[in-house]
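One structure below.
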Amino acid sequence: MEEMPTRTGRTKSTVKEGTFKKRLIRALEQIPNSSWIVTEAGSVRGHADIKGSINGYAVSLEVKRCKAESRRQTGRTVLQRYKLQQAREAGEYANWCYPENLEETLADLRHFNSLLRASPLFSLPDL
């Protein structure tokens with residue numbers, strides 16, 4: 001990941017969130033037994049950027065361009081953090097995803113294919 005110094009001397013990621021999200025989606029689509037829905041920016045405030053399932057397990061990912069973005073205390077990020085926590089409490093794998101934790105996140109997600117398939121609680125008629 002490329003970084004550049006800011007006026008305060010800190011480093012800032014030069015990766016745009018949209019560029020990173022496209023790379024992430026390509027990686028997610030390579031995971032067997034998975035299905036993904038990508039929300040449009042600003043379409044549903046606070047909801048995860050990417051929702052899906054792997055082998056029957058629900059996943060919510062909030063994409064940020066760098067780790068620091070996930071630590072901000074702005075209204076939108078606070079709401080996103082709250083929504084991720086709600087998803088975790090409901091049993092989902094819900095997390096921030098940024099370049100610094102991409103490989104760890106993908107490894108976590110690939111692990112779902114080694115687990116027994118989540119059993120549906122009810123049966124639905126054929127589509």
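For the structure tokens, the naming scheme is as follows: chains receive sequential letters (A, B, ...) according to their order of presentation, residues are indexed from 1 within each chain, and ligands are indexed from 1 in presentation order.
Neighbouring residues of Lys21 (chain A) at 10 Å or closer, counting only C-alpha atoms and skipping chain neighbours under 5 positions away, are Lys16, Arg26, Ala27, Val38, Asp49, Ile50, Glu62, Val63, Lys64, Arg65, Cys97, Tyr98 and Pro99 of chain A.
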Would you write out those residues with C-alpha atoms, as a PDB file, in the first residue's frame?
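The file below, again-v1.pdb, is the result:
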ATOM      1  CA  LYS A  16      -8.935   5.414  -2.870  1.00  0.00           C
ATOM      2  CA  ARG A  26     -12.654  -9.443  -7.106  1.00  0.00           C
ATOM      3  CA  ALA A  27     -11.043 -11.361  -4.227  1.00  0.00           C
ATOM      4  CA  VAL A  38     -22.485  -4.422  -2.929  1.00  0.00           C
ATOM      5  CA  ASP A  49     -20.734  -1.685   1.949  1.00  0.00           C
ATOM      6  CA  ILE A  50     -20.671  -5.400   1.148  1.00  0.00           C
ATOM      7  CA  GLU A  62     -17.553  -2.017   5.866  1.00  0.00           C
ATOM      8  CA  VAL A  63     -14.817  -0.891   3.469  1.00  0.00           C
ATOM      9  CA  LYS A  64     -12.402   1.889   4.404  1.00  0.00           C
ATOM     10  CA  ARG A  65      -9.349   3.180   2.556  1.00  0.00           C
ATOM     11  CA  CYS A  97     -11.990  -4.125   5.788  1.00  0.00           C
ATOM     12  CA  TYR A  98      -9.069  -1.913   4.724  1.00  0.00           C
ATOM     13  CA  PRO A  99      -5.757  -2.584   2.957  1.00  0.00           C
TER      14      PRO A  99
END
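Residues of chain A that DSSP places in strand (DSSP E), based on the backbone of this structure, are Glu3, Met4, Pro5, Thr11, Lys12, Ser13, Ser34, Ser35, Trp36, Ile37, Val38, Ile50, Lys51, Gly52, Ser53, Ile54, Tyr57, Ala58, Val59, Ser60, Leu61, Glu62, Val63, Tyr93, Ala94, Asn95, Trp96 and Cys97 of chain A.
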Expected file: the selected residues, C-alpha atoms, as a PDB file, in the first residue's frame:
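Wrote it out as selection-v3.pdb, contents follow:
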ATOM      1  CA  GLU A   3       1.524   6.038   1.748  1.00  0.00           C
ATOM      2  CA  MET A   4       2.434   9.691   1.619  1.00  0.00           C
ATOM      3  CA  PRO A   5       3.214  12.148   4.417  1.00  0.00           C
ATOM      4  CA  THR A  11       1.317   9.102   6.658  1.00  0.00           C
ATOM      5  CA  LYS A  12      -1.918   8.851   4.729  1.00  0.00           C
ATOM      6  CA  SER A  13      -2.989   6.085   2.379  1.00  0.00           C
ATOM      7  CA  SER A  34     -20.201 -17.377  -1.690  1.00  0.00           C
ATOM      8  CA  SER A  35     -22.671 -14.736  -2.813  1.00  0.00           C
ATOM      9  CA  TRP A  36     -22.179 -10.946  -2.500  1.00  0.00           C
ATOM     10  CA  ILE A  37     -24.258  -7.772  -2.648  1.00  0.00           C
ATOM     11  CA  VAL A  38     -22.485  -4.422  -2.929  1.00  0.00           C
ATOM     12  CA  ILE A  50     -20.671  -5.400   1.148  1.00  0.00           C
ATOM     13  CA  LYS A  51     -23.079  -8.047   2.435  1.00  0.00           C
ATOM     14  CA  GLY A  52     -23.026 -11.682   1.565  1.00  0.00           C
ATOM     15  CA  SER A  53     -22.811 -15.251   2.661  1.00  0.00           C
ATOM     16  CA  ILE A  54     -20.232 -18.005   2.529  1.00  0.00           C
ATOM     17  CA  TYR A  57     -22.827 -17.926   7.016  1.00  0.00           C
ATOM     18  CA  ALA A  58     -23.724 -14.220   6.859  1.00  0.00           C
ATOM     19  CA  VAL A  59     -21.005 -11.626   6.255  1.00  0.00           C
ATOM     20  CA  SER A  60     -21.017  -7.803   6.481  1.00  0.00           C
ATOM     21  CA  LEU A  61     -17.963  -5.764   5.478  1.00  0.00           C
ATOM     22  CA  GLU A  62     -17.553  -2.017   5.866  1.00  0.00           C
ATOM     23  CA  VAL A  63     -14.817  -0.891   3.469  1.00  0.00           C
ATOM     24  CA  TYR A  93     -19.069 -12.097  10.614  1.00  0.00           C
ATOM     25  CA  ALA A  94     -19.075  -8.286  10.579  1.00  0.00           C
ATOM     26  CA  ASN A  95     -15.908  -6.228  10.342  1.00  0.00           C
ATOM     27  CA  TRP A  96     -14.084  -3.277   8.832  1.00  0.00           C
ATOM     28  CA  CYS A  97     -11.990  -4.125   5.788  1.00  0.00           C
TER      29      CYS A  97
END
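Counting only C-alpha atoms, the residue from A:Glu69, A:Thr39, A:Leu109, A:Arg45 that sits nearest to Glu17 (chain A) is A:Glu69.
Shortest separation to His47 (chain A) among A:Ile31, A:Leu127, A:Ile25, A:Leu79 occurs at residue A:Leu79, atoms counted being only C-alpha atoms.
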Checklist entry - So which residues of chain A fall under helix (DSSP H, G or I) by DSSP, listed as JSON, numbers by chain? => result {"A": [17, 18, 19, 20, 21, 22, 23, 24, 25, 26, 27, 28, 67, 68, 69, 70, 75, 76, 77, 78, 79, 80, 81, 82, 83, 84, 85, 86, 87, 88, 89, 99, 100, 101, 102, 103, 104, 105, 106, 107, 108, 109, 110, 111, 112, 113, 114]}
Checklist entry - CA of Leu116 (chain A) and CA of Asn33 (chain A) are how many Å apart? => result 12.1 Å
Item to check | Å distance separating CA of Glu104 (chain A) from CA of Ala48 (chain A), one decimal place | outcome: 18.4 Å
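Minimum atom-to-atom distance to Gly56 (chain A), evaluated using only C-alpha atoms, belongs to A:Glu92 out of A:Glu103, A:Glu29, A:Glu40, A:Glu92.
Minimum distance to His111 (chain A) across A:Asn55, A:Gln85, A:Val15, A:Gly46 (counting only C-alpha atoms) occurs at A:Asn55.
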